[in-house]
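Report on one structure; see the data block that follows.
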Amino acid sequence: MTLAKDIARDLLDIKAVYLKPEDPFTWASGIKSPIYTDNRITLSYPETRALIENGFVETIKEEFPEAEVIAGTATAGIPHGAIIADKMNLPFAYIRSKPKDHGAGNQIEGRVIKGQKMVIVEDLISTGGSVLDAAAAAKREGADVLGVVAIFTYELPKAAENFEKAGIKLVTLSNYSELIKVAKVQGYIDADGLQLLKKFKENQETWQD
């Protein structure tokens, strides 16, 4: 199996991902979704965690070989980023969602040298808004942001549009398309559920119509 399929299988097996096409979840945005993802759970499963972190290391070496610092997004990207930085013997920093309202008012914790080539680690990409805000903050602090790596993406058209507009490369270890194929093969969903899940990827507003 490919890395994307292996990770998709593990996410389903450890219940980091739930699929309910006939009884959808409601996201914070109000969108009705047939999928719910909590990749923090991966940290509790050593084999899955190793698969992900080793995948990140190989991906960064291949896609961003000039990386000089690894940065995790607060909070979900911090543990993965720290493990990756340790494996690669690179400096680590993390990026808050907003500057601290006390002390030095830092938004980036750790030492990032102006012009240092940075890869940002995130766990999940929906529309990409939060990690792109983090990238913008890193750029304001003088970092040269090479790109973003993430465990999983819903592959929403809005995310592709947002990353293209920001001019930032996104590379993920697995994705929605691979996951729903694995889910069908392993019996997590039936043929009707698969069709609903495919419709959601194309249009989050009308997939239930």
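Quick note on naming: the chains in the structure tokens go A, B, ... in the order shown, residues restart at 1 in each chain, and ligands are numbered from 1 in order of appearance.
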Check: Leaving out Ile83 (chain A) and any residue of its chain fewer than 2 positions from it, which residues lie within 12 Å of it when counting only C-alpha atoms, given as number ranges by chain?
Finding: A: 43, 49-50, 52-57, 70-72, 77-81, 85-93, 121
Next item on the list: Within 10 Å of region 13-22 of chain A, counting only C-alpha atoms, which residues show up once you throw out same-chain ones fewer than 5 positions away? Write them as a ChimeraX atom specification, please.
Entry: /A:7-8,32-42,44-45,48,179-180,183,186,188-190,192-197,200,207-208
Margin query: What parts of region 166-209 of chain A does DSSP call alpha helix (DSSP H)? I'd like the answer as number ranges by chain.
Written below: A: 166, 176-185, 191-202
In region 32-190 of chain A, DSSP strand (DSSP E or B) residues written as a PDB file with N, CA and C atoms, in the first residue's frame:
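So the final result, stored in selection-v2.pdb, reads:
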ATOM      1  N   LYS A  32     -22.904  21.118   7.406  1.00  0.00           N
ATOM      2  CA  LYS A  32     -23.228  19.723   7.700  1.00  0.00           C
ATOM      3  C   LYS A  32     -22.223  18.848   6.957  1.00  0.00           C
ATOM      4  N   SER A  33     -21.516  18.007   7.707  1.00  0.00           N
ATOM      5  CA  SER A  33     -20.434  17.214   7.117  1.00  0.00           C
ATOM      6  C   SER A  33     -20.605  15.734   7.394  1.00  0.00           C
ATOM      7  N   ILE A  35     -18.159  13.723   7.588  1.00  0.00           N
ATOM      8  CA  ILE A  35     -16.887  13.265   8.141  1.00  0.00           C
ATOM      9  C   ILE A  35     -16.479  14.138   9.309  1.00  0.00           C
ATOM     10  N   TYR A  36     -15.915  13.484  10.329  1.00  0.00           N
ATOM     11  CA  TYR A  36     -15.344  14.209  11.463  1.00  0.00           C
ATOM     12  C   TYR A  36     -13.952  13.635  11.715  1.00  0.00           C
ATOM     13  N   THR A  37     -12.988  14.523  11.898  1.00  0.00           N
ATOM     14  CA  THR A  37     -11.598  14.102  12.050  1.00  0.00           C
ATOM     15  C   THR A  37     -10.983  14.694  13.302  1.00  0.00           C
ATOM     16  N   VAL A  69      14.155  25.210   9.475  1.00  0.00           N
ATOM     17  CA  VAL A  69      13.445  25.235  10.744  1.00  0.00           C
ATOM     18  C   VAL A  69      12.056  24.642  10.532  1.00  0.00           C
ATOM     19  N   ILE A  70      11.592  23.893  11.516  1.00  0.00           N
ATOM     20  CA  ILE A  70      10.253  23.314  11.490  1.00  0.00           C
ATOM     21  C   ILE A  70       9.394  24.094  12.483  1.00  0.00           C
ATOM     22  N   ALA A  71       8.189  24.466  12.053  1.00  0.00           N
ATOM     23  CA  ALA A  71       7.276  25.197  12.931  1.00  0.00           C
ATOM     24  C   ALA A  71       5.940  24.473  12.992  1.00  0.00           C
ATOM     25  N   GLY A  72       5.409  24.302  14.196  1.00  0.00           N
ATOM     26  CA  GLY A  72       4.099  23.690  14.363  1.00  0.00           C
ATOM     27  C   GLY A  72       3.054  24.748  14.652  1.00  0.00           C
ATOM     28  N   THR A  73       1.849  24.507  14.181  1.00  0.00           N
ATOM     29  CA  THR A  73       0.750  25.408  14.508  1.00  0.00           C
ATOM     30  C   THR A  73       0.197  25.039  15.881  1.00  0.00           C
ATOM     31  N   PHE A  92      13.182  24.020  16.177  1.00  0.00           N
ATOM     32  CA  PHE A  92      11.726  23.965  16.213  1.00  0.00           C
ATOM     33  C   PHE A  92      11.166  25.252  16.822  1.00  0.00           C
ATOM     34  N   ALA A  93      10.033  25.675  16.290  1.00  0.00           N
ATOM     35  CA  ALA A  93       9.292  26.804  16.845  1.00  0.00           C
ATOM     36  C   ALA A  93       7.811  26.484  16.710  1.00  0.00           C
ATOM     37  N   TYR A  94       6.984  27.247  17.401  1.00  0.00           N
ATOM     38  CA  TYR A  94       5.553  27.089  17.140  1.00  0.00           C
ATOM     39  C   TYR A  94       4.885  28.444  17.011  1.00  0.00           C
ATOM     40  N   ILE A  95       3.770  28.437  16.318  1.00  0.00           N
ATOM     41  CA  ILE A  95       3.094  29.688  15.953  1.00  0.00           C
ATOM     42  C   ILE A  95       1.728  29.731  16.624  1.00  0.00           C
ATOM     43  N   ILE A 108       5.223  33.947  17.614  1.00  0.00           N
ATOM     44  CA  ILE A 108       6.078  32.788  17.343  1.00  0.00           C
ATOM     45  C   ILE A 108       6.941  32.526  18.569  1.00  0.00           C
ATOM     46  N   GLU A 109       6.862  31.293  19.079  1.00  0.00           N
ATOM     47  CA  GLU A 109       7.659  30.904  20.238  1.00  0.00           C
ATOM     48  C   GLU A 109       8.826  30.043  19.767  1.00  0.00           C
ATOM     49  N   LYS A 117      14.597  29.400   6.334  1.00  0.00           N
ATOM     50  CA  LYS A 117      13.637  28.675   5.504  1.00  0.00           C
ATOM     51  C   LYS A 117      12.808  27.730   6.383  1.00  0.00           C
ATOM     52  N   MET A 118      11.500  27.970   6.395  1.00  0.00           N
ATOM     53  CA  MET A 118      10.600  27.296   7.338  1.00  0.00           C
ATOM     54  C   MET A 118       9.584  26.412   6.631  1.00  0.00           C
ATOM     55  N   VAL A 119       9.330  25.251   7.247  1.00  0.00           N
ATOM     56  CA  VAL A 119       8.205  24.402   6.860  1.00  0.00           C
ATOM     57  C   VAL A 119       7.245  24.358   8.047  1.00  0.00           C
ATOM     58  N   ILE A 120       5.976  24.607   7.787  1.00  0.00           N
ATOM     59  CA  ILE A 120       4.961  24.646   8.842  1.00  0.00           C
ATOM     60  C   ILE A 120       4.199  23.326   8.851  1.00  0.00           C
ATOM     61  N   VAL A 121       3.997  22.777  10.049  1.00  0.00           N
ATOM     62  CA  VAL A 121       3.315  21.496  10.225  1.00  0.00           C
ATOM     63  C   VAL A 121       1.919  21.726  10.800  1.00  0.00           C
ATOM     64  N   GLU A 122       0.931  21.129  10.157  1.00  0.00           N
ATOM     65  CA  GLU A 122      -0.459  21.185  10.608  1.00  0.00           C
ATOM     66  C   GLU A 122      -0.997  19.763  10.626  1.00  0.00           C
ATOM     67  N   ASP A 123      -2.075  19.514  11.379  1.00  0.00           N
ATOM     68  CA  ASP A 123      -2.596  18.147  11.402  1.00  0.00           C
ATOM     69  C   ASP A 123      -3.698  17.927  10.378  1.00  0.00           C
ATOM     70  N   LEU A 124      -4.511  18.961  10.126  1.00  0.00           N
ATOM     71  CA  LEU A 124      -5.701  18.797   9.286  1.00  0.00           C
ATOM     72  C   LEU A 124      -5.945  20.058   8.469  1.00  0.00           C
ATOM     73  N   ILE A 125      -6.273  19.874   7.187  1.00  0.00           N
ATOM     74  CA  ILE A 125      -6.599  21.003   6.326  1.00  0.00           C
ATOM     75  C   ILE A 125      -8.070  20.917   5.920  1.00  0.00           C
ATOM     76  N   ASP A 144      11.212  32.708   5.894  1.00  0.00           N
ATOM     77  CA  ASP A 144      10.974  32.377   4.488  1.00  0.00           C
ATOM     78  C   ASP A 144      10.170  31.073   4.481  1.00  0.00           C
ATOM     79  N   VAL A 145       8.849  31.189   4.373  1.00  0.00           N
ATOM     80  CA  VAL A 145       7.977  30.023   4.465  1.00  0.00           C
ATOM     81  C   VAL A 145       7.999  29.242   3.150  1.00  0.00           C
ATOM     82  N   LEU A 146       8.570  28.039   3.184  1.00  0.00           N
ATOM     83  CA  LEU A 146       8.670  27.206   1.980  1.00  0.00           C
ATOM     84  C   LEU A 146       7.347  26.531   1.654  1.00  0.00           C
ATOM     85  N   GLY A 147       6.608  26.161   2.697  1.00  0.00           N
ATOM     86  CA  GLY A 147       5.354  25.474   2.455  1.00  0.00           C
ATOM     87  C   GLY A 147       4.779  24.909   3.731  1.00  0.00           C
ATOM     88  N   VAL A 148       3.670  24.184   3.569  1.00  0.00           N
ATOM     89  CA  VAL A 148       2.940  23.578   4.676  1.00  0.00           C
ATOM     90  C   VAL A 148       2.845  22.070   4.432  1.00  0.00           C
ATOM     91  N   VAL A 149       3.045  21.283   5.488  1.00  0.00           N
ATOM     92  CA  VAL A 149       2.790  19.846   5.421  1.00  0.00           C
ATOM     93  C   VAL A 149       1.714  19.518   6.448  1.00  0.00           C
ATOM     94  N   ALA A 150       0.836  18.562   6.116  1.00  0.00           N
ATOM     95  CA  ALA A 150      -0.251  18.187   7.014  1.00  0.00           C
ATOM     96  C   ALA A 150      -0.512  16.695   6.902  1.00  0.00           C
ATOM     97  N   ILE A 151      -1.130  16.143   7.925  1.00  0.00           N
ATOM     98  CA  ILE A 151      -1.457  14.720   7.904  1.00  0.00           C
ATOM     99  C   ILE A 151      -2.546  14.435   6.873  1.00  0.00           C
ATOM    100  N   PHE A 152      -3.578  15.279   6.867  1.00  0.00           N
ATOM    101  CA  PHE A 152      -4.791  14.952   6.106  1.00  0.00           C
ATOM    102  C   PHE A 152      -5.457  16.211   5.588  1.00  0.00           C
ATOM    103  N   THR A 153      -6.052  16.108   4.413  1.00  0.00           N
ATOM    104  CA  THR A 153      -6.829  17.200   3.841  1.00  0.00           C
ATOM    105  C   THR A 153      -8.187  16.692   3.377  1.00  0.00           C
ATOM    106  N   LYS A 169       2.847  26.395  -1.016  1.00  0.00           N
ATOM    107  CA  LYS A 169       2.730  24.992  -1.400  1.00  0.00           C
ATOM    108  C   LYS A 169       2.212  24.170  -0.225  1.00  0.00           C
ATOM    109  N   LEU A 170       1.260  23.283  -0.504  1.00  0.00           N
ATOM    110  CA  LEU A 170       0.716  22.367   0.496  1.00  0.00           C
ATOM    111  C   LEU A 170       0.998  20.931   0.069  1.00  0.00           C
ATOM    112  N   VAL A 171       1.527  20.138   1.000  1.00  0.00           N
ATOM    113  CA  VAL A 171       1.738  18.714   0.762  1.00  0.00           C
ATOM    114  C   VAL A 171       1.144  17.957   1.944  1.00  0.00           C
ATOM    115  N   THR A 172       0.276  16.978   1.676  1.00  0.00           N
ATOM    116  CA  THR A 172      -0.328  16.205   2.760  1.00  0.00           C
ATOM    117  C   THR A 172       0.030  14.727   2.627  1.00  0.00           C
ATOM    118  N   LEU A 173       0.042  14.036   3.761  1.00  0.00           N
ATOM    119  CA  LEU A 173       0.399  12.622   3.768  1.00  0.00           C
ATOM    120  C   LEU A 173      -0.737  11.750   3.260  1.00  0.00           C
ATOM    121  N   SER A 174      -1.971  12.148   3.541  1.00  0.00           N
ATOM    122  CA  SER A 174      -3.132  11.419   3.054  1.00  0.00           C
ATOM    123  C   SER A 174      -4.238  12.415   2.736  1.00  0.00           C
ATOM    124  N   ASN A 175      -5.348  11.911   2.224  1.00  0.00           N
ATOM    125  CA  ASN A 175      -6.390  12.835   1.763  1.00  0.00           C
ATOM    126  C   ASN A 175      -7.758  12.149   1.743  1.00  0.00           C
TER     127      ASN A 175
END
Note to self: Between A:Glu141, A:Arg96, A:Gly110, A:Gln204, which residue has the minimum interatomic distance to Glu155 (chain A), considering only C-alpha atoms?
What the structure shows: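 That would be A:Gln204, the residue with the smallest distance to Glu155 (chain A).
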Next item on the list: For CA of Ala143 (chain A) and CA of Gly167 (chain A), quote the distance in Å rounded to one decimal.
Entry: 14.8 Å
Item checked: Neighbour list for Asn162 (chain A) as a PyMOL selection string, cut-off 8 Å, only C-alpha atoms, skip fewer than 5 positions in-chain -> chain A and resi 127-129
Next item on the list: Between A:Glu63, A:Ile31, A:Ser126, A:Lys5, single out the one closest to Glu161 (chain A), counting only C-alpha atoms.
Entry: A:Ser126
Next item on the list: Determine, counting only C-alpha atoms, which protein, DNA and RNA residues have an atom within 8 Å of an atom of Lys201 (chain A); residues of the same chain fewer than 5 positions away are not included. Present the result as a list in words.
Entry: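 In the requested form, the answer reads Tyr154, Glu155, Leu156, Pro157 and Tyr176 of chain A.
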Notebook entry, point to check: Between A:Ile84, A:Ala74, A:Val112, A:Ala135, which one has atoms that come closest to Ile60 (chain A), using only C-alpha atoms?
Noted result: A:Ile84
Check: Interatomic distance between CA of Thr59 (chain A) and CA of Pro99 (chain A)?
Finding: 29.7 Å
